[in-house]
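Engineer: Dropping in work.txt, which is compact mmCIF, C-alpha atoms and all ligand atoms:
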```
# COMPACT_ATOMS: atom_id res chain seq x y z
CA MET A 1 29.60 -80.50 -36.43
CA LYS A 2 27.95 -78.31 -39.08
CA VAL A 3 25.85 -79.84 -41.83
CA LEU A 4 24.72 -78.09 -45.00
CA VAL A 5 21.38 -79.45 -46.22
CA LEU A 6 20.64 -79.01 -49.92
CA ASN A 7 17.39 -79.58 -51.77
CA CYS A 8 18.08 -79.02 -55.48
CA GLY A 9 15.29 -78.69 -58.03
CA SER A 10 15.74 -78.19 -61.76
CA SER A 11 15.96 -74.39 -61.52
CA SER A 12 15.91 -73.78 -57.78
CA LEU A 13 17.62 -74.86 -54.61
CA LYS A 14 16.87 -74.56 -50.92
CA TYR A 15 19.54 -74.78 -48.24
CA GLN A 16 20.02 -74.75 -44.48
CA LEU A 17 23.16 -74.79 -42.42
CA ILE A 18 22.52 -76.66 -39.18
CA ASP A 19 24.75 -76.88 -36.11
CA MET A 20 24.27 -80.49 -35.02
CA ASN A 21 25.53 -79.85 -31.50
CA ASN A 22 22.16 -78.30 -30.68
CA GLU A 23 20.28 -78.77 -34.00
CA GLU A 24 20.14 -75.01 -34.43
CA VAL A 25 19.57 -73.54 -37.91
CA LEU A 26 22.48 -71.12 -38.40
CA CYS A 27 21.22 -69.74 -41.71
CA LYS A 28 19.03 -70.76 -44.62
CA GLY A 29 17.87 -69.60 -48.01
CA LEU A 30 16.58 -70.19 -51.46
CA VAL A 31 17.98 -69.71 -54.97
CA GLU A 32 15.53 -69.38 -57.83
CA ARG A 33 15.83 -69.13 -61.61
CA ILE A 34 19.11 -71.04 -61.89
CA GLY A 35 20.12 -71.07 -65.57
CA ILE A 36 17.36 -68.59 -66.40
CA GLU A 37 17.53 -64.81 -66.67
CA GLY A 38 16.90 -63.15 -63.30
CA SER A 39 18.70 -65.62 -60.98
CA ILE A 40 18.16 -64.63 -57.37
CA LEU A 41 19.42 -65.81 -53.98
CA LYS A 42 17.50 -64.97 -50.80
CA HIS A 43 19.49 -65.63 -47.64
CA GLU A 44 18.27 -65.45 -44.04
CA LYS A 45 19.99 -65.65 -40.70
CA PRO A 46 18.38 -65.53 -37.25
CA GLY A 47 18.85 -62.02 -35.89
CA LEU A 48 19.54 -60.58 -39.34
CA GLU A 49 16.88 -58.05 -40.23
CA GLY A 50 15.19 -58.81 -43.55
CA LYS A 51 16.72 -60.97 -46.24
CA HIS A 52 20.14 -60.69 -47.88
CA ILE A 53 19.46 -60.71 -51.64
CA VAL A 54 21.97 -61.57 -54.37
CA GLU A 55 20.88 -60.89 -57.94
CA GLU A 56 23.62 -62.15 -60.24
CA ALA A 57 23.64 -64.47 -63.22
CA MET A 58 23.79 -68.10 -62.04
CA ASN A 59 24.19 -70.28 -65.09
CA ASP A 60 24.10 -73.64 -63.37
CA HIS A 61 23.93 -75.32 -59.96
CA LYS A 62 27.69 -74.91 -59.48
CA ASP A 63 27.32 -71.15 -59.85
CA ALA A 64 24.35 -71.15 -57.48
CA ILE A 65 26.14 -73.22 -54.82
CA LYS A 66 29.19 -70.93 -55.03
CA HIS A 67 26.91 -67.99 -54.24
CA VAL A 68 25.25 -69.94 -51.43
CA LEU A 69 28.65 -70.71 -49.87
CA ASN A 70 29.71 -67.08 -50.23
CA ALA A 71 26.60 -66.02 -48.33
CA VAL A 72 27.04 -68.77 -45.70
CA ALA A 73 30.66 -67.70 -45.08
CA ASP A 74 30.09 -63.94 -45.49
CA ALA A 75 31.53 -61.80 -42.70
CA LYS A 76 28.28 -59.84 -42.27
CA VAL A 77 25.37 -62.09 -43.22
CA GLY A 78 27.08 -65.48 -42.95
CA ALA A 79 27.09 -68.03 -40.15
CA VAL A 80 30.65 -69.37 -40.42
CA LYS A 81 34.03 -67.70 -40.88
CA ASP A 82 35.22 -70.11 -43.55
CA MET A 83 33.41 -72.68 -45.68
CA LYS A 84 35.94 -75.21 -44.33
CA GLU A 85 33.73 -75.22 -41.21
CA ILE A 86 31.13 -77.20 -43.19
CA ASP A 87 31.73 -80.80 -42.15
CA ALA A 88 29.22 -82.60 -44.33
CA VAL A 89 26.52 -82.00 -46.94
CA GLY A 90 23.15 -83.76 -46.90
CA HIS A 91 21.24 -83.89 -50.18
CA ARG A 92 17.55 -84.54 -50.64
CA ILE A 93 17.21 -87.17 -53.39
CA VAL A 94 13.67 -87.78 -54.62
CA HIS A 95 13.77 -91.32 -56.01
CA GLY A 96 15.86 -94.15 -54.67
CA GLY A 97 13.81 -96.87 -56.37
CA GLU A 98 14.25 -100.26 -54.69
CA LYS A 99 17.96 -99.64 -54.24
CA PHE A 100 17.79 -97.45 -51.15
CA ALA A 101 15.87 -98.32 -48.00
CA SER A 102 17.91 -95.79 -46.02
CA SER A 103 20.25 -92.86 -46.53
CA ALA A 104 23.66 -93.45 -48.08
CA VAL A 105 27.07 -91.80 -48.38
CA LEU A 106 27.33 -90.56 -51.97
CA THR A 107 30.15 -92.67 -53.38
CA ASP A 108 30.61 -93.09 -57.16
CA GLU A 109 28.74 -96.38 -56.94
CA VAL A 110 25.80 -94.80 -55.08
CA ILE A 111 25.65 -91.90 -57.56
CA LYS A 112 25.50 -94.41 -60.42
CA ALA A 113 22.62 -96.21 -58.68
CA ILE A 114 20.76 -92.88 -58.31
CA GLU A 115 21.28 -92.20 -62.01
CA ASP A 116 19.75 -95.60 -62.71
CA CYS A 117 16.61 -94.48 -60.82
CA SER A 118 16.27 -91.33 -62.95
CA ALA A 119 13.83 -92.98 -65.36
CA LEU A 120 11.37 -93.10 -62.44
CA ALA A 121 11.83 -89.39 -61.57
CA PRO A 122 13.12 -87.68 -64.72
CA LEU A 123 12.42 -84.17 -63.43
CA HIS A 124 13.87 -84.63 -59.96
CA ASN A 125 16.82 -87.03 -59.75
CA PRO A 126 18.97 -85.34 -62.43
CA ALA A 127 18.45 -81.98 -60.67
CA ASN A 128 19.35 -83.50 -57.28
CA LEU A 129 22.53 -84.94 -58.83
CA MET A 130 23.53 -81.58 -60.30
CA GLY A 131 23.79 -80.33 -56.71
CA VAL A 132 25.89 -83.35 -55.71
CA GLU A 133 28.28 -82.85 -58.61
CA ALA A 134 28.63 -79.14 -57.88
CA CYS A 135 29.50 -79.85 -54.23
CA GLN A 136 32.07 -82.46 -55.21
CA THR A 137 33.88 -79.76 -57.19
CA ILE A 138 33.49 -76.86 -54.75
CA LEU A 139 33.85 -78.76 -51.47
CA PRO A 140 36.26 -81.60 -52.33
CA GLY A 141 36.80 -84.08 -49.56
CA VAL A 142 33.64 -83.10 -47.65
CA VAL A 143 31.36 -86.10 -46.93
CA GLN A 144 28.14 -86.01 -48.93
CA VAL A 145 25.07 -88.01 -48.01
CA GLY A 146 21.88 -88.71 -49.99
CA VAL A 147 18.54 -88.89 -48.14
CA PHE A 148 15.74 -90.38 -50.24
CA ASP A 149 12.04 -89.42 -50.31
CA THR A 150 11.22 -93.04 -51.11
CA ALA A 151 13.43 -94.79 -48.53
CA PHE A 152 11.04 -94.80 -45.55
CA HIS A 153 8.41 -96.58 -47.67
CA GLN A 154 10.72 -99.42 -48.73
CA THR A 155 9.37 -101.50 -45.83
CA MET A 156 6.02 -101.80 -47.66
CA PRO A 157 5.28 -105.46 -48.37
CA GLU A 158 4.42 -106.79 -51.83
CA LYS A 159 0.71 -106.78 -51.04
CA THR A 160 0.76 -102.98 -50.73
CA PHE A 161 3.34 -102.10 -53.38
CA LEU A 162 2.27 -104.34 -56.27
CA TYR A 163 -0.27 -103.03 -58.78
CA GLY A 164 -2.87 -105.28 -60.37
CA LEU A 165 -0.91 -105.20 -63.63
CA PRO A 166 0.99 -107.87 -65.61
CA HIS A 167 3.93 -108.90 -63.45
CA GLU A 168 6.51 -108.35 -66.19
CA LEU A 169 5.86 -104.59 -66.03
CA TYR A 170 7.30 -104.72 -62.52
CA THR A 171 10.30 -106.87 -63.44
CA LYS A 172 11.01 -104.99 -66.70
CA TYR A 173 10.43 -101.38 -65.64
CA GLY A 174 10.09 -101.36 -61.88
CA ILE A 175 6.42 -100.37 -62.08
CA ARG A 176 5.23 -100.65 -58.48
CA ARG A 177 4.20 -98.30 -55.69
CA TYR A 178 7.13 -96.43 -54.07
CA GLY A 179 5.60 -93.55 -52.10
CA PHE A 180 7.08 -90.10 -51.43
CA HIS A 181 7.47 -87.52 -48.62
CA GLY A 182 9.18 -90.38 -46.73
CA THR A 183 11.53 -88.06 -44.86
CA SER A 184 8.55 -86.09 -43.56
CA HIS A 185 6.52 -89.19 -42.63
CA MET A 186 9.55 -90.56 -40.78
CA TYR A 187 10.22 -87.29 -38.94
CA VAL A 188 6.65 -86.89 -37.68
CA THR A 189 6.47 -90.57 -36.73
CA GLN A 190 9.54 -90.22 -34.51
CA ARG A 191 8.35 -86.92 -33.05
CA ALA A 192 4.83 -88.25 -32.39
CA ALA A 193 6.25 -91.23 -30.49
CA GLU A 194 8.47 -88.86 -28.50
CA MET A 195 5.49 -86.61 -27.66
CA LEU A 196 3.44 -89.62 -26.55
CA GLY A 197 6.32 -90.96 -24.44
CA LYS A 198 6.50 -94.22 -26.37
CA ALA A 199 8.72 -95.93 -28.94
CA PRO A 200 7.54 -95.89 -32.58
CA GLU A 201 7.73 -99.72 -32.40
CA ASP A 202 4.88 -99.67 -29.86
CA LEU A 203 2.49 -97.57 -31.95
CA LYS A 204 0.19 -97.69 -34.96
CA ILE A 205 0.31 -94.23 -36.51
CA ILE A 206 -1.38 -92.64 -39.53
CA THR A 207 0.66 -89.67 -40.76
CA CYS A 208 -1.08 -87.09 -42.98
CA HIS A 209 1.34 -84.88 -44.94
CA LEU A 210 -1.07 -82.33 -46.40
CA GLY A 211 0.84 -79.73 -48.42
CA ASN A 212 0.62 -78.71 -52.04
CA GLY A 213 1.50 -82.32 -52.71
CA ALA A 214 -0.19 -84.56 -50.18
CA SER A 215 0.21 -88.12 -48.99
CA ILE A 216 -0.81 -90.34 -46.08
CA ALA A 217 1.11 -93.23 -44.58
CA ALA A 218 0.20 -96.15 -42.34
CA VAL A 219 3.15 -96.61 -40.00
CA ASP A 220 2.73 -99.93 -38.23
CA HIS A 221 5.06 -100.36 -35.24
CA GLY A 222 7.60 -97.95 -36.70
CA LYS A 223 7.55 -99.34 -40.24
CA CYS A 224 5.69 -98.01 -43.24
CA LEU A 225 3.00 -100.52 -44.21
CA ASP A 226 1.24 -98.45 -46.85
CA THR A 227 1.22 -94.96 -48.33
CA SER A 228 -1.06 -93.15 -50.73
CA MET A 229 1.44 -92.09 -53.43
CA GLY A 230 2.56 -94.68 -55.95
CA LEU A 231 5.01 -95.05 -58.82
CA THR A 232 4.90 -91.26 -59.01
CA PRO A 233 3.59 -88.55 -56.67
CA LEU A 234 0.31 -88.43 -58.62
CA GLU A 235 -1.53 -91.28 -56.91
CA GLY A 236 -3.64 -90.92 -53.79
CA LEU A 237 -5.25 -87.79 -52.39
CA ILE A 238 -6.68 -84.88 -54.34
CA MET A 239 -3.93 -82.21 -54.22
CA GLY A 240 -3.34 -78.58 -55.21
CA THR A 241 -3.02 -79.30 -58.94
CA ARG A 242 -2.82 -83.14 -59.02
CA CYS A 243 -5.87 -85.35 -59.47
CA GLY A 244 -4.87 -88.23 -57.17
CA ASP A 245 -6.78 -91.51 -57.57
CA ILE A 246 -8.98 -91.70 -60.65
CA ASP A 247 -10.42 -94.51 -62.74
CA PRO A 248 -7.47 -95.28 -65.07
CA ALA A 249 -9.92 -95.74 -67.97
CA ILE A 250 -10.45 -91.98 -67.88
CA ILE A 251 -6.98 -91.54 -69.41
CA PRO A 252 -7.59 -93.14 -72.83
CA PHE A 253 -11.10 -91.64 -72.79
CA ILE A 254 -9.89 -88.03 -72.48
CA MET A 255 -6.99 -88.66 -74.83
CA ASN A 256 -9.49 -89.65 -77.49
CA LYS A 257 -12.08 -86.98 -76.74
CA GLU A 258 -9.65 -84.06 -76.25
CA GLY A 259 -7.05 -85.20 -78.80
CA LEU A 260 -4.29 -85.28 -76.17
CA ASP A 261 -1.04 -87.26 -76.38
CA ALA A 262 0.66 -88.90 -73.37
CA ASP A 263 2.47 -85.69 -72.36
CA GLY A 264 -0.75 -83.69 -72.70
CA VAL A 265 -2.76 -85.96 -70.42
CA ASP A 266 0.16 -86.16 -67.97
CA LYS A 267 0.18 -82.36 -67.75
CA LEU A 268 -3.60 -82.27 -67.33
CA MET A 269 -3.45 -84.68 -64.38
CA ASN A 270 -0.38 -83.13 -62.71
CA LYS A 271 -0.80 -79.41 -63.31
CA GLN A 272 -4.39 -78.67 -64.27
CA SER A 273 -6.32 -80.88 -61.86
CA GLY A 274 -6.70 -81.12 -58.08
CA VAL A 275 -8.58 -78.34 -56.28
CA TYR A 276 -7.24 -75.94 -58.93
CA GLY A 277 -8.86 -77.84 -61.78
CA MET A 278 -12.00 -78.59 -59.80
CA THR A 279 -12.64 -74.92 -59.06
CA GLY A 280 -10.72 -72.91 -61.67
CA ILE A 281 -9.78 -70.63 -58.76
CA SER A 282 -6.37 -71.54 -57.33
CA SER A 283 -4.19 -74.37 -56.08
CA ASP A 284 -3.84 -72.58 -52.74
CA PHE A 285 -6.31 -73.85 -50.17
CA ARG A 286 -6.62 -70.42 -48.58
CA ASP A 287 -8.14 -69.09 -51.81
CA ILE A 288 -10.47 -72.08 -52.07
CA GLU A 289 -11.56 -71.63 -48.44
CA ASP A 290 -12.27 -67.92 -49.07
CA ALA A 291 -14.35 -68.75 -52.14
CA ALA A 292 -16.23 -71.46 -50.24
CA LYS A 293 -17.09 -68.94 -47.50
CA GLU A 294 -18.62 -66.72 -50.17
CA GLY A 295 -20.79 -69.64 -51.24
CA ASN A 296 -18.88 -70.73 -54.38
CA LYS A 297 -20.33 -74.20 -55.01
CA LEU A 298 -17.28 -75.55 -56.86
CA ALA A 299 -15.01 -74.48 -53.99
CA ILE A 300 -17.35 -76.10 -51.43
CA ASN A 301 -17.38 -79.31 -53.48
CA ALA A 302 -13.59 -79.33 -53.85
CA LEU A 303 -13.04 -78.95 -50.09
CA ASP A 304 -15.66 -81.61 -49.33
CA ALA A 305 -14.03 -84.00 -51.83
CA TYR A 306 -10.59 -83.30 -50.36
CA VAL A 307 -11.76 -84.06 -46.84
CA GLN A 308 -13.63 -87.16 -48.02
CA ARG A 309 -10.47 -88.64 -49.62
CA VAL A 310 -8.41 -88.06 -46.46
CA LYS A 311 -11.13 -89.70 -44.32
CA LYS A 312 -11.29 -92.63 -46.74
CA TYR A 313 -7.53 -93.27 -46.44
CA ILE A 314 -7.59 -92.93 -42.64
CA GLY A 315 -10.38 -95.52 -42.47
CA ALA A 316 -8.54 -97.81 -44.87
CA TYR A 317 -5.26 -97.56 -42.99
CA ALA A 318 -6.90 -98.17 -39.62
CA ALA A 319 -8.40 -101.30 -41.19
CA GLU A 320 -5.04 -102.40 -42.64
CA MET A 321 -3.30 -101.99 -39.26
CA ASN A 322 -6.21 -103.44 -37.25
CA GLY A 323 -6.52 -100.15 -35.36
CA VAL A 324 -4.71 -96.90 -34.86
CA ASP A 325 -3.17 -95.19 -31.81
CA ALA A 326 -2.38 -91.79 -33.28
CA ILE A 327 -3.18 -89.61 -36.30
CA VAL A 328 -0.65 -86.89 -37.17
CA PHE A 329 -1.22 -83.78 -39.29
CA THR A 330 1.70 -82.02 -40.95
CA ALA A 331 2.80 -79.78 -43.91
CA GLY A 332 1.22 -76.48 -45.05
CA LEU A 333 -2.43 -77.43 -44.83
CA GLY A 334 -2.02 -80.03 -42.06
CA GLU A 335 -0.18 -77.48 -39.90
CA ASN A 336 -2.35 -74.44 -40.65
CA GLY A 337 -5.77 -75.70 -41.73
CA ILE A 338 -7.66 -75.52 -38.45
CA GLY A 339 -11.06 -76.00 -40.11
CA MET A 340 -9.71 -78.69 -42.41
CA ARG A 341 -8.39 -80.75 -39.48
CA ALA A 342 -11.73 -80.37 -37.71
CA ASP A 343 -13.64 -81.48 -40.81
CA ILE A 344 -11.40 -84.51 -41.32
CA CYS A 345 -11.76 -85.61 -37.68
CA LYS A 346 -15.54 -85.05 -37.61
CA ASP A 347 -17.72 -88.18 -37.30
CA MET A 348 -14.82 -90.42 -36.38
CA GLU A 349 -16.26 -91.60 -33.06
CA TYR A 350 -16.45 -95.09 -34.58
CA LEU A 351 -12.64 -95.08 -34.55
CA GLY A 352 -12.25 -93.46 -31.13
CA VAL A 353 -11.18 -90.02 -32.40
CA SER A 354 -12.30 -86.99 -30.41
CA LEU A 355 -10.78 -83.67 -31.42
CA ASP A 356 -10.52 -80.87 -28.83
CA ALA A 357 -11.76 -77.72 -30.60
CA GLU A 358 -9.78 -75.44 -28.32
CA LYS A 359 -6.49 -77.35 -28.59
CA ASN A 360 -7.00 -77.57 -32.36
CA ASP A 361 -7.20 -73.79 -32.61
CA VAL A 362 -3.48 -73.42 -33.30
CA ARG A 363 -1.10 -73.22 -36.26
CA GLY A 364 2.35 -74.68 -36.74
CA LYS A 365 3.12 -75.90 -33.21
CA ASP A 366 3.87 -79.37 -31.80
CA ARG A 367 0.71 -80.21 -29.92
CA VAL A 368 -1.70 -83.02 -29.04
CA ILE A 369 -5.04 -81.70 -30.31
CA SER A 370 -7.38 -84.51 -29.24
CA THR A 371 -9.35 -84.52 -25.98
CA ASP A 372 -7.70 -86.12 -22.94
CA ASP A 373 -10.06 -89.09 -23.15
CA SER A 374 -9.73 -89.59 -26.91
CA LYS A 375 -8.80 -93.24 -27.53
CA VAL A 376 -6.87 -92.22 -30.65
CA LYS A 377 -4.48 -89.32 -30.08
CA VAL A 378 -4.47 -86.62 -32.74
CA LEU A 379 -1.27 -84.61 -33.09
CA LEU A 380 -0.19 -81.51 -34.95
CA ILE A 381 3.52 -81.63 -35.76
CA PRO A 382 5.26 -79.15 -38.09
CA THR A 383 7.42 -81.24 -40.40
CA ASN A 384 11.18 -80.73 -40.54
CA GLU A 385 12.63 -82.62 -43.48
CA GLU A 386 15.87 -80.59 -43.34
CA LEU A 387 16.55 -81.63 -39.75
CA MET A 388 15.86 -85.27 -40.63
CA ILE A 389 18.34 -85.01 -43.55
CA ALA A 390 20.92 -83.36 -41.29
CA ARG A 391 20.52 -86.06 -38.62
CA ASP A 392 21.05 -88.86 -41.15
CA THR A 393 24.00 -86.99 -42.65
CA LEU A 394 25.59 -86.63 -39.22
CA ARG A 395 25.03 -90.32 -38.46
CA LEU A 396 26.63 -91.47 -41.72
CA ALA A 397 29.42 -88.88 -41.74
CA LYS A 398 30.53 -90.13 -38.34
P1 LIG B 1 4.74 -77.85 -50.61
O1 LIG B 1 5.96 -77.93 -49.73
O2 LIG B 1 4.22 -79.17 -51.06
O3 LIG B 1 4.82 -76.83 -51.70
P2 LIG B 1 3.42 -76.79 -48.24
O4 LIG B 1 3.64 -77.86 -47.26
O5 LIG B 1 4.19 -75.52 -48.10
O6 LIG B 1 3.55 -77.34 -49.72
O7 LIG B 1 1.86 -76.44 -48.24
C1 LIG B 1 1.33 -75.49 -49.06
C2 LIG B 1 -0.18 -75.49 -48.89
O8 LIG B 1 -0.51 -75.20 -47.52
C3 LIG B 1 -0.84 -74.43 -49.75
O9 LIG B 1 -1.67 -75.04 -50.70
C4 LIG B 1 -1.67 -73.64 -48.78
O10 LIG B 1 -2.97 -73.57 -49.23
C5 LIG B 1 -1.68 -74.42 -47.49
N1 LIG B 1 -1.71 -73.46 -46.39
C6 LIG B 1 -0.69 -72.72 -45.92
N2 LIG B 1 -1.12 -71.91 -44.93
C7 LIG B 1 -2.45 -72.14 -44.78
C8 LIG B 1 -3.47 -71.62 -43.93
N3 LIG B 1 -3.21 -70.68 -43.05
N4 LIG B 1 -4.72 -72.10 -44.07
C9 LIG B 1 -4.99 -73.06 -44.97
N5 LIG B 1 -4.08 -73.58 -45.80
C10 LIG B 1 -2.82 -73.14 -45.71
```
What do you get writing this file as structure tokens?
Structural biologist:
Amino acid sequence: MKVLVLNCGSSSLKYQLIDMNNEEVLCKGLVERIGIEGSILKHEKPGLEGKHIVEEAMNDHKDAIKHVLNAVADAKVGAVKDMKEIDAVGHRIVHGGEKFASSAVLTDEVIKAIEDCSALAPLHNPANLMGVEACQTILPGVVQVGVFDTAFHQTMPEKTFLYGLPHELYTKYGIRRYGFHGTSHMYVTQRAAEMLGKAPEDLKIITCHLGNGASIAAVDHGKCLDTSMGLTPLEGLIMGTRCGDIDPAIIPFIMNKEGLDADGVDKLMNKQSGVYGMTGISSDFRDIEDAAKEGNKLAINALDAYVQRVKKYIGAYAAEMNGVDAIVFTAGLGENGIGMRADICKDMEYLGVSLDAEKNDVRGKDRVISTDDSKVKVLLIPTNEELMIARDTLRLAK
């Protein structure tokens, strides 16, 4: 069975075609600038030298998906002879609100429920649905499945998802903590258990998804108990351009002082903050690390603050779960930031964490990176959200 995985943004889309017999990626790619001048598709296939590039006007997601399918079924650069070989499509859907605690086949009723969640993710859900609609037209009769970023976190109990706000804001608008990156947290949880030779139900795991957006989750016996992102992906850790946790009173204060409206302050917190705002250098941690090495004080402070927040959440989640068996690092920085992982795990003897400097000296590979006698195992696991989406799609399509 072959599953096409689609991750549609407002003007971009990423795709992978996966053969579920052996979970092999047959081809993958990225379309950018959909509906904007300069639309471009970059397609890759194992064994194909370089990338196959298509530069043609793509006015909407339907256009883009047509080009994707042409590439996927192309005699030279494609991976199938006919697009009829695609058995199912798995879509990444960002916000499933309280309606989806697991993946779902995209029936009319389910699509309506996703539309109802759009108020909570106005930039993401409508874009995700454009991809669904396009596939319904181009691949009629092919099963389509939605896999939600929020679903894994739906096991959080009231004590971790309710804010200290008037209760009617929850009942009226659904203002509560939802959490994101759920597909990634779930994937690394399952993989960590596999690597440790145990079932997720027998473990207390803290999963650290440290990418441009970053979040941590406390996974207690296989179920998410808490996670650092909230109503939106702004809460929690300091990120590339997002501020993470701040005193909420800062918001009216800067609105008054800087003469900003709600959109202005939202932009400031989402796009102009994080390590980028703290340093004025970049949102990319490699640039910040380079500047810190040259002695840039703002860069040193930003990295120290980043590490401090991650440590704070790890400590909090160990306390919430009454202990921890494993800590997992994943996503861009978690997979590649050798020094960052070492700094986060430093001075954690109180918890029973002992990182092995030699084992930690690796990028992007599944590996236990703690010492053999470390009470808490530390693991590096490259995330694979696409595979997780494809697995759920296969399960539901069957
Ligand atoms: P997203 O999917 O959220 O855009 P990624 O998971 O791709 O993000 O992570 C991107 C981040 O990973 C970048 O900010 C980058 O700084 C960081 N990163 C990637 N490679 C390295 C590296 N070798 N050393 C340190 N940080 C890295």
Engineer: Per residue of chain A within 9 Å of ligand LIG 1 (chain B), what are the shortest atom pair and its distance in Å to one decimal, counting all atoms listed in the file, with rows by chain and residue number, as a Markdown table?
Structural biologist:
```
| residue | atom | partner | partner_atom | distance |
| --- | --- | --- | --- | --- |
| A:His209 | CA | B:LIG1 | O4 | 7.7 |
| A:Leu210 | CA | B:LIG1 | O4 | 6.6 |
| A:Gly211 | CA | B:LIG1 | O7 | 3.4 |
| A:Asn212 | CA | B:LIG1 | O2 | 3.8 |
| A:Gly213 | CA | B:LIG1 | O2 | 4.5 |
| A:Ala214 | CA | B:LIG1 | O2 | 7.0 |
| A:Met239 | CA | B:LIG1 | O9 | 8.3 |
| A:Gly240 | CA | B:LIG1 | O9 | 6.0 |
| A:Ser282 | CA | B:LIG1 | O9 | 8.8 |
| A:Ser283 | CA | B:LIG1 | O9 | 6.0 |
| A:Asp284 | CA | B:LIG1 | O10 | 3.7 |
| A:Phe285 | CA | B:LIG1 | O10 | 3.5 |
| A:Arg286 | CA | B:LIG1 | C9 | 4.8 |
| A:Asp287 | CA | B:LIG1 | O10 | 7.3 |
| A:Ile288 | CA | B:LIG1 | O10 | 8.2 |
| A:Glu289 | CA | B:LIG1 | C9 | 7.6 |
| A:Thr330 | CA | B:LIG1 | O4 | 7.8 |
| A:Ala331 | CA | B:LIG1 | O4 | 4.0 |
| A:Gly332 | CA | B:LIG1 | O7 | 3.3 |
| A:Leu333 | CA | B:LIG1 | O8 | 4.0 |
| A:Gly334 | CA | B:LIG1 | O8 | 7.4 |
| A:Glu335 | CA | B:LIG1 | N2 | 7.6 |
| A:Asn336 | CA | B:LIG1 | C8 | 4.5 |
| A:Gly337 | CA | B:LIG1 | C9 | 4.3 |
| A:Ile338 | CA | B:LIG1 | N4 | 7.2 |
| A:Gly339 | CA | B:LIG1 | C9 | 8.3 |
| A:Met340 | CA | B:LIG1 | C9 | 7.8 |
| A:Arg363 | CA | B:LIG1 | N3 | 7.6 |
| A:Thr383 | CA | B:LIG1 | O4 | 8.5 |
```
Engineer: Create the file for the chosen residues now, containing C-alpha atoms and written as a compact mmCIF listing (two decimals), in the coordinates of the input.
Structural biologist:
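As written to disk, selection-v1.txt reads:
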```txt
# COMPACT_ATOMS: atom_id res chain seq x y z
CA HIS A 209 1.34 -84.88 -44.94
CA LEU A 210 -1.07 -82.33 -46.40
CA GLY A 211 0.84 -79.73 -48.42
CA ASN A 212 0.62 -78.71 -52.04
CA GLY A 213 1.50 -82.32 -52.71
CA ALA A 214 -0.19 -84.56 -50.18
CA MET A 239 -3.93 -82.21 -54.22
CA GLY A 240 -3.34 -78.58 -55.21
CA SER A 282 -6.37 -71.54 -57.33
CA SER A 283 -4.19 -74.37 -56.08
CA ASP A 284 -3.84 -72.58 -52.74
CA PHE A 285 -6.31 -73.85 -50.17
CA ARG A 286 -6.62 -70.42 -48.58
CA ASP A 287 -8.14 -69.09 -51.81
CA ILE A 288 -10.47 -72.08 -52.07
CA GLU A 289 -11.56 -71.63 -48.44
CA THR A 330 1.70 -82.02 -40.95
CA ALA A 331 2.80 -79.78 -43.91
CA GLY A 332 1.22 -76.48 -45.05
CA LEU A 333 -2.43 -77.43 -44.83
CA GLY A 334 -2.02 -80.03 -42.06
CA GLU A 335 -0.18 -77.48 -39.90
CA ASN A 336 -2.35 -74.44 -40.65
CA GLY A 337 -5.77 -75.70 -41.73
CA ILE A 338 -7.66 -75.52 -38.45
CA GLY A 339 -11.06 -76.00 -40.11
CA MET A 340 -9.71 -78.69 -42.41
CA ARG A 363 -1.10 -73.22 -36.26
CA THR A 383 7.42 -81.24 -40.40
```
Engineer: From the set A:Gly141, A:Pro248, A:Gly9, A:Gly179, which residue has the shortest atom-to-atom contact distance to Leu165 of chain A, counting all atoms listed in the file?
Structural biologist: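 With all atoms listed in the file as the atom set, the closest residue is A:Pro248.
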Engineer: Please put the answer as JSON: centre and edge lengths, in Å with one decimal, of a box along x, y and z that encloses all listed atoms of segment 219-228 of chain A plus 4 Å on each side.
Structural biologist:
```
{"center_x": 3.3, "center_y": -96.8, "center_z": -43.0, "size_x": 16.7, "size_y": 15.4, "size_z": 23.5}
```
Engineer: How many Å separate atom CA of Glu37 of chain A from atom CA of Asp60 of chain A?
Structural biologist: 11.5 Å
Engineer: So how many Å separate atom CA of Glu294 of chain A and atom CA of Thr279 of chain A, to one decimal?
Structural biologist: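 We find that atom CA of Glu294 of chain A and atom CA of Thr279 of chain A lie 13.5 Å from each other.
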Engineer: Do you know which residues are at most 8 Å from segment 131-139 of chain A counting all atoms listed in the file, after dropping those on the same chain fewer than 2 positions away, and could you put them as an MDAnalysis selection string?
Structural biologist: chainID A and resid 6 8 61:62 65:66 91 127:129 141:142 144
Engineer: Emit the selected residues as an mmCIF file, keeping the file's coordinate frame, including C-alpha atoms.
Structural biologist:
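This went into part_25.cif:
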```
data_model
loop_
_atom_site.group_PDB
_atom_site.id
_atom_site.type_symbol
_atom_site.label_atom_id
_atom_site.label_comp_id
_atom_site.auth_asym_id
_atom_site.auth_seq_id
_atom_site.Cartn_x
_atom_site.Cartn_y
_atom_site.Cartn_z
ATOM 1 C CA LEU A 6 20.640 -79.010 -49.920
ATOM 2 C CA CYS A 8 18.080 -79.020 -55.480
ATOM 3 C CA HIS A 61 23.930 -75.320 -59.960
ATOM 4 C CA LYS A 62 27.690 -74.910 -59.480
ATOM 5 C CA ILE A 65 26.140 -73.220 -54.820
ATOM 6 C CA LYS A 66 29.190 -70.930 -55.030
ATOM 7 C CA HIS A 91 21.240 -83.890 -50.180
ATOM 8 C CA ALA A 127 18.450 -81.980 -60.670
ATOM 9 C CA ASN A 128 19.350 -83.500 -57.280
ATOM 10 C CA LEU A 129 22.530 -84.940 -58.830
ATOM 11 C CA GLY A 141 36.800 -84.080 -49.560
ATOM 12 C CA VAL A 142 33.640 -83.100 -47.650
ATOM 13 C CA GLN A 144 28.140 -86.010 -48.930
#
```
